[in-house]
Each structure stands twice: as C-alpha cells, then as structure tokens.
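Shown next: my_file.cif, containing mmCIF, C-alpha atoms.
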data_model
loop_
_atom_site.group_PDB
_atom_site.id
_atom_site.type_symbol
_atom_site.label_atom_id
_atom_site.label_comp_id
_atom_site.auth_asym_id
_atom_site.auth_seq_id
_atom_site.Cartn_x
_atom_site.Cartn_y
_atom_site.Cartn_z
ATOM 1 C CA MET N 130 47.603 11.410 -17.730
ATOM 2 C CA PHE N 131 45.926 8.312 -19.117
ATOM 3 C CA SER N 132 44.496 8.126 -22.584
ATOM 4 C CA PRO N 133 40.769 7.342 -22.906
ATOM 5 C CA PHE N 134 41.644 3.794 -23.968
ATOM 6 C CA GLN N 135 43.842 3.215 -20.906
ATOM 7 C CA ARG N 136 41.152 4.620 -18.590
ATOM 8 C CA SER N 137 38.494 2.247 -19.923
ATOM 9 C CA ALA N 138 40.856 -0.708 -19.705
ATOM 10 C CA MET N 139 41.605 0.032 -16.067
ATOM 11 C CA ALA N 140 37.932 0.387 -15.183
ATOM 12 C CA SER N 141 36.818 -2.777 -16.899
ATOM 13 C CA ARG N 142 36.412 -6.120 -15.188
ATOM 14 C CA ALA N 143 38.685 -7.753 -17.719
ATOM 15 C CA GLY N 144 41.436 -5.211 -17.119
ATOM 16 C CA PRO N 145 44.482 -5.661 -14.928
ATOM 17 C CA ARG N 146 44.005 -6.522 -11.267
ATOM 18 C CA ALA N 147 45.642 -4.526 -8.481
ATOM 19 C CA ALA N 148 49.011 -5.912 -7.533
ATOM 20 C CA GLY N 149 49.090 -8.154 -4.473
ATOM 21 C CA THR N 150 45.495 -9.402 -4.636
ATOM 22 C CA ASP N 151 43.773 -12.315 -6.259
ATOM 23 C CA GLY N 152 40.250 -10.930 -5.687
ATOM 24 C CA SER N 153 39.513 -13.076 -2.636
ATOM 25 C CA ASP N 154 39.983 -10.223 -0.160
ATOM 26 C CA PHE N 155 36.372 -9.092 -0.322
ATOM 27 C CA GLU N 156 35.576 -10.352 3.190
ATOM 28 C CA HIS N 157 36.872 -7.193 4.879
ATOM 29 C CA ARG N 158 34.856 -4.778 2.758
ATOM 30 C CA GLU N 159 31.958 -2.861 4.254
ATOM 31 C CA ARG N 160 28.454 -4.127 3.692
ATOM 32 C CA VAL N 161 25.089 -2.412 3.823
ATOM 33 C CA ALA N 162 23.498 -3.136 7.193
ATOM 34 C CA SER N 163 20.618 -5.592 7.018
ATOM 35 C CA HIS N 164 18.100 -3.162 8.506
ATOM 36 C CA TYR N 165 18.808 -0.705 5.667
ATOM 37 C CA GLN N 166 18.286 -3.462 3.109
ATOM 38 C CA MET N 167 15.050 -4.466 4.854
ATOM 39 C CA SER N 168 13.913 -0.832 4.921
ATOM 40 C CA VAL N 169 14.323 -0.532 1.153
ATOM 41 C CA ALA N 170 12.431 -3.792 0.559
ATOM 42 C CA LEU N 171 9.571 -2.784 2.877
ATOM 43 C CA LYS N 172 9.277 0.653 1.274
ATOM 44 C CA SER N 173 8.955 -1.010 -2.109
ATOM 45 C CA GLU N 174 6.162 -3.310 -0.899
ATOM 46 C CA ILE N 175 4.325 -0.433 0.775
ATOM 47 C CA ARG N 176 4.506 1.644 -2.412
ATOM 48 C CA LYS N 177 2.997 -1.258 -4.411
ATOM 49 C CA LEU N 178 0.167 -1.606 -1.892
ATOM 50 C CA ASN N 179 -0.432 2.153 -1.987
ATOM 51 C CA ILE N 180 -0.789 1.970 -5.759
ATOM 52 C CA VAL N 181 -3.354 -0.852 -5.468
ATOM 53 C CA HIS N 182 -5.212 1.148 -2.816
ATOM 54 C CA LEU N 183 -5.252 4.237 -5.044
ATOM 55 C CA VAL N 184 -6.734 2.165 -7.885
ATOM 56 C CA ILE N 185 -9.494 0.913 -5.554
ATOM 57 C CA TRP N 186 -10.040 4.452 -4.282
ATOM 58 C CA VAL N 187 -10.299 5.924 -7.800
ATOM 59 C CA LEU N 188 -12.836 3.262 -8.844
ATOM 60 C CA MET N 189 -14.911 3.883 -5.729
ATOM 61 C CA ALA N 190 -14.710 7.665 -6.173
ATOM 62 C CA ALA N 191 -15.795 7.251 -9.806
ATOM 63 C CA GLN N 192 -18.784 5.152 -8.760
ATOM 64 C CA VAL N 193 -19.843 7.647 -6.074
ATOM 65 C CA THR N 194 -19.344 10.625 -8.388
ATOM 66 C CA ALA N 195 -21.177 9.010 -11.321
ATOM 67 C CA SER N 196 -24.078 8.096 -9.060
ATOM 68 C CA GLN N 197 -24.323 11.420 -7.220
ATOM 69 C CA LEU N 198 -24.074 13.552 -10.356
ATOM 70 C CA SER N 199 -26.421 11.202 -12.280
ATOM 71 C CA LEU N 200 -23.842 10.794 -15.040
ATOM 72 C CA VAL N 201 -25.189 7.310 -15.755
ATOM 73 C CA SER N 202 -28.473 5.591 -15.035
ATOM 74 C CA HIS N 203 -28.925 4.014 -11.601
ATOM 75 C CA LYS N 204 -29.642 0.783 -13.469
ATOM 76 C CA VAL N 205 -26.056 0.811 -14.779
ATOM 77 C CA VAL N 206 -24.298 2.035 -11.619
ATOM 78 C CA ALA N 207 -26.163 1.635 -8.345
ATOM 79 C CA SER N 208 -26.272 4.368 -5.770
ATOM 80 C CA PRO N 209 -23.465 3.976 -3.240
ATOM 81 C CA TYR N 210 -23.864 2.324 0.124
ATOM 82 C CA GLN N 211 -23.373 4.521 3.190
ATOM 83 C CA TRP N 212 -19.980 3.049 4.052
ATOM 84 C CA GLU N 213 -18.508 4.184 0.732
ATOM 85 C CA TYR N 214 -18.588 7.867 1.712
ATOM 86 C CA PRO N 215 -16.312 7.589 4.771
ATOM 87 C CA TYR N 216 -14.099 5.158 2.835
ATOM 88 C CA LEU N 217 -13.317 7.989 0.417
ATOM 89 C CA LEU N 218 -11.291 9.500 3.285
ATOM 90 C CA SER N 219 -8.966 6.501 3.031
ATOM 91 C CA VAL N 220 -6.764 8.530 0.699
ATOM 92 C CA ILE N 221 -5.523 10.473 3.771
ATOM 93 C CA PRO N 222 -3.429 7.609 5.213
ATOM 94 C CA THR N 223 -1.961 6.960 1.779
ATOM 95 C CA VAL N 224 -0.872 10.588 1.445
ATOM 96 C CA PHE N 225 0.796 10.480 4.873
ATOM 97 C CA CYS N 226 2.445 7.165 4.040
ATOM 98 C CA LEU N 227 3.813 8.413 0.727
ATOM 99 C CA SER N 228 5.097 11.530 2.520
ATOM 100 C CA ALA N 229 6.808 9.433 5.200
ATOM 101 C CA LEU N 230 8.733 7.071 2.925
ATOM 102 C CA PRO N 231 11.298 9.338 1.211
ATOM 103 C CA ARG N 232 12.733 10.839 4.422
ATOM 104 C CA ASN N 233 11.968 8.043 6.903
ATOM 105 C CA ASN N 234 9.550 10.311 8.760
ATOM 106 C CA ILE N 235 8.440 8.254 11.757
ATOM 107 C CA SER N 236 5.609 10.578 12.833
ATOM 108 C CA TYR N 237 3.986 10.590 9.381
ATOM 109 C CA LEU N 238 4.171 6.800 9.250
ATOM 110 C CA VAL N 239 2.533 6.510 12.682
ATOM 111 C CA ILE N 240 -0.213 8.948 11.604
ATOM 112 C CA SER N 241 -0.673 6.858 8.458
ATOM 113 C CA MET N 242 -1.058 3.636 10.454
ATOM 114 C CA ILE N 243 -3.551 5.112 12.922
ATOM 115 C CA SER N 244 -5.610 6.821 10.239
ATOM 116 C CA ALA N 245 -5.591 3.609 8.162
ATOM 117 C CA GLY N 246 -7.473 1.932 10.975
ATOM 118 C CA LEU N 247 -9.887 4.834 11.263
ATOM 119 C CA PHE N 248 -10.502 5.716 7.599
ATOM 120 C CA CYS N 249 -9.811 2.390 5.874
ATOM 121 C CA VAL N 250 -10.556 -0.589 8.086
ATOM 122 C CA ALA N 251 -13.480 0.854 10.096
ATOM 123 C CA PRO N 252 -15.594 1.764 7.014
ATOM 124 C CA LEU N 253 -14.915 -1.678 5.549
ATOM 125 C CA ILE N 254 -16.150 -3.387 8.716
ATOM 126 C CA TYR N 255 -19.223 -1.156 8.733
ATOM 127 C CA GLY N 256 -19.739 -1.956 5.029
ATOM 128 C CA CYS N 257 -19.749 -5.697 5.741
ATOM 129 C CA MET N 258 -22.432 -5.206 8.372
ATOM 130 C CA GLU N 259 -24.469 -2.787 6.246
ATOM 131 C CA MET N 260 -24.559 -5.063 3.205
ATOM 132 C CA PHE N 261 -25.039 -8.347 5.073
ATOM 133 C CA PRO N 262 -28.894 -8.375 4.935
ATOM 134 C CA VAL N 263 -28.798 -7.637 1.190
ATOM 135 C CA ALA N 264 -26.201 -10.373 0.639
ATOM 136 C CA GLN N 265 -28.290 -12.775 2.700
ATOM 137 C CA GLN N 266 -31.362 -11.989 0.594
ATOM 138 C CA LEU N 267 -29.356 -12.500 -2.602
ATOM 139 C CA TYR N 268 -28.052 -15.838 -1.326
ATOM 140 C CA ARG N 269 -31.436 -17.133 -0.110
ATOM 141 C CA HIS N 270 -33.742 -15.848 -2.837
ATOM 142 C CA GLY N 271 -31.402 -15.018 -5.715
ATOM 143 C CA LYS N 272 -32.850 -11.532 -6.030
ATOM 144 C CA ALA N 273 -30.716 -8.424 -6.435
ATOM 145 C CA TYR N 274 -32.113 -4.919 -6.660
ATOM 146 C CA ARG N 275 -28.937 -2.894 -7.177
ATOM 147 C CA PHE N 276 -26.546 -3.476 -10.041
ATOM 148 C CA ILE N 277 -23.142 -2.287 -11.210
ATOM 149 C CA PHE N 278 -22.740 -2.911 -14.946
ATOM 150 C CA GLY N 279 -25.148 -5.851 -14.787
ATOM 151 C CA PHE N 280 -23.580 -7.506 -11.732
ATOM 152 C CA SER N 281 -25.157 -7.577 -8.311
ATOM 153 C CA ALA N 282 -23.879 -4.477 -6.473
ATOM 154 C CA VAL N 283 -23.545 -6.340 -3.183
ATOM 155 C CA SER N 284 -21.382 -9.032 -4.815
ATOM 156 C CA VAL N 285 -19.143 -6.462 -6.462
ATOM 157 C CA MET N 286 -18.784 -4.446 -3.270
ATOM 158 C CA TYR N 287 -18.014 -7.536 -1.170
ATOM 159 C CA LEU N 288 -15.277 -8.389 -3.672
ATOM 160 C CA VAL N 289 -13.927 -4.839 -3.289
ATOM 161 C CA ILE N 290 -14.046 -5.211 0.501
ATOM 162 C CA VAL N 291 -12.147 -8.512 0.408
ATOM 163 C CA ILE N 292 -9.399 -6.991 -1.732
ATOM 164 C CA ALA N 293 -9.283 -3.745 0.263
ATOM 165 C CA VAL N 294 -9.059 -5.548 3.631
ATOM 166 C CA GLN N 295 -6.059 -7.498 2.373
ATOM 167 C CA VAL N 296 -4.389 -4.379 0.965
ATOM 168 C CA HIS N 297 -4.902 -2.369 4.155
ATOM 169 C CA GLY N 298 -3.921 -5.272 6.381
ATOM 170 C CA TRP N 299 -0.639 -5.720 4.527
ATOM 171 C CA GLN N 300 -0.079 -1.946 4.496
ATOM 172 C CA ILE N 301 -0.386 -1.776 8.275
ATOM 173 C CA TYR N 302 1.747 -4.902 8.758
ATOM 174 C CA TYR N 303 4.557 -3.677 6.488
ATOM 175 C CA SER N 304 4.356 -0.187 7.994
ATOM 176 C CA LYS N 305 4.823 -1.656 11.472
ATOM 177 C CA LYS N 306 7.827 -3.679 10.290
ATOM 178 C CA LEU N 307 9.260 -0.589 8.582
ATOM 179 C CA LEU N 308 8.776 1.413 11.767
ATOM 180 C CA ASP N 309 10.725 -1.253 13.658
ATOM 181 C CA GLN N 310 13.529 -1.029 11.093
ATOM 182 C CA TRP N 311 13.653 2.753 11.420
ATOM 183 C CA PHE N 312 13.838 2.473 15.209
ATOM 184 C CA THR N 313 16.698 -0.025 14.854
ATOM 185 C CA SER N 314 18.506 2.435 12.601
ATOM 186 C CA THR N 315 17.923 5.287 15.068
ATOM 187 C CA GLN N 316 19.232 3.168 17.974
ATOM 188 C CA ASP N 317 22.365 2.255 15.986
ATOM 189 C CA LYS N 318 23.059 5.950 15.335
ATOM 190 C CA LYS N 319 22.667 6.767 19.050
ATOM 191 C CA LYS N 320 25.151 4.050 20.021
ATOM 192 C CA LYS N 321 27.864 5.548 17.807
#
Here is a file; write its structure as structure tokens.
Amino acid sequence: MFSPFQRSAMASRAGPRAAGTDGSDFEHRERVASHYQMSVALKSEIRKLNIVHLVIWVLMAAQVTASQLSLVSHKVVASPYQWEYPYLLSVIPTVFCLSALPRNNISYLVISMISAGLFCVAPLIYGCMEMFPVAQQLYRHGKAYRFIFGFSAVSVMYLVIVIAVQVHGWQIYYSKKLLDQWFTSTQDKKKK
C-alpha cells in the first residue's frame, strides 16, 4: 500500500511520469466527438434564451394580472392589448424545451419548436398588426393614450416584441441545430 503522501505525489502533475513516455503520446487518446461537444454548447445557449424568455413572460404576466385585478391604476399600467393573452401560452414551448434537454428527447424538442411558432411567434406578429395604428398615431401626432409607468404603452410593447422575436428566433434556430446534432448522434449509434 501507498502512504497518503505517496498517493498525492503520484496523482500530481509534478510527480513522476510513467516510464517509457515523454508526454507526447496524447495523439492516440480518445476524444469527445464533435457533435457531442456541439450538443452541450447548443443546450447551454438554449437554456440562456429560455431564461430570457421566462423573464419576458413573467413581466408580461405581471402586467396582465395587475391590470385585470386592478392592483394598480390604469394610468400607471395600461390594460393589456389582445395579443398579450395568447402570448401568455408561450410558457408551454419553454416547458417542453426544458424537459427535452436533459435526456435528449427528440419528440419534446419538436413539440417545443412547433408550439413556439404557434404560441410565441404568431401572437407577436398579431401584436405588431394590432398596435400599428396606435404607433402610427403616436408617431404622427405625438399623442399616447395608454401608459406603462409613464412611458407610452405602444413603445414599451414594441420594444418587448423586438426582444421577444429575437429570443424566439434564436430559440428555434438553436433547437433545429440541436435536433440535427441529436440525429447525427443517433445515426452514429446505429452504424455501430
């Protein structure tokens, strides 16, 4: 048996090297396949985007809840636009996505991508069209009738839409790339 001192000396980088090697024989060692490395990187990016989406969702849910329950005056927080209600369902794709990532569940990721188009992107497009006349009136005449904490509600909501479109667009893009990586991994397993 080795003493604790001898064990730590053997495990350290400064300790003795195995006989017959100078450390340059690393070329033959196994490496992690690139599609596994890419999968880990894509999962990390998707998780970050999901966190940003959840922050947007919580803020929107707070605005809708505060307005509907009359927790604050409508002068402080304007009543929600119609598109905000279906956008609250955008948490569904995020739940499926977060469920898909730990076990590489392809079907949950596909459901997440499809429902992201339905519950995330579609309400945002509708929101752009719904708020356009109000934005046009604000631009032409400088008059706003709805406010969120003193800011024009249409300006704030267009800013939210711009951020949300980017978040959901990147989520779908990275999810598609991750799906491709998972299919590559599945094909490699079938070949063996």
How far is it from CA of Phe276 in chain N to CA of Met258 in chain N, in Å with one decimal?
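Pair CA of Phe276 in chain N / CA of Met258 in chain N returns 18.9 Å.
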List the spatial neighbours of Lys305 in chain N as a PyMOL selection string - criterion: any atom at most 12 Å away, only C-alpha atoms, same-chain residues fewer than 4 positions off excluded.
chain N and resi 168+171-172+175+226+235+238-243+298-301+309-312
Within 10 Å of Val296 in chain N, counting only C-alpha atoms, which residues show up once you throw out same-chain ones fewer than 2 positions away? Write them as a ChimeraX atom specification, please.
/N:175,177-182,185,249,290-294,298-302
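Computed from the coordinates, the CA of Ser173 in chain N to CA of Asn234 in chain N distance equals 15.7 Å.
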Which neighbours of Leu247 in chain N fall inside 12 Å, counting only C-alpha atoms, when residues of the same chain fewer than 3 positions from it are skipped, and could you give them as number ranges by chain?
N: 215-222, 240-244, 250-255, 297, 301
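Comparing the minimum interatomic distances between Lys204 in chain N and each of N:Met189, N:Ala245, N:Ala282, N:Ala264, counting only C-alpha atoms, we find that N:Ala282 sits nearest.
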Just to confirm, what's the straight-line distance from CA of Gln211 in chain N to CA of Lys272 in chain N in Å (one decimal)?
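CA of Gln211 in chain N sits 20.8 Å away from CA of Lys272 in chain N.
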9 Å contact set for Pro209 in chain N, all atoms listed in the file, chain neighbours under 5 positions out, as number ranges by chain
N: 189, 192-193, 196-197, 214
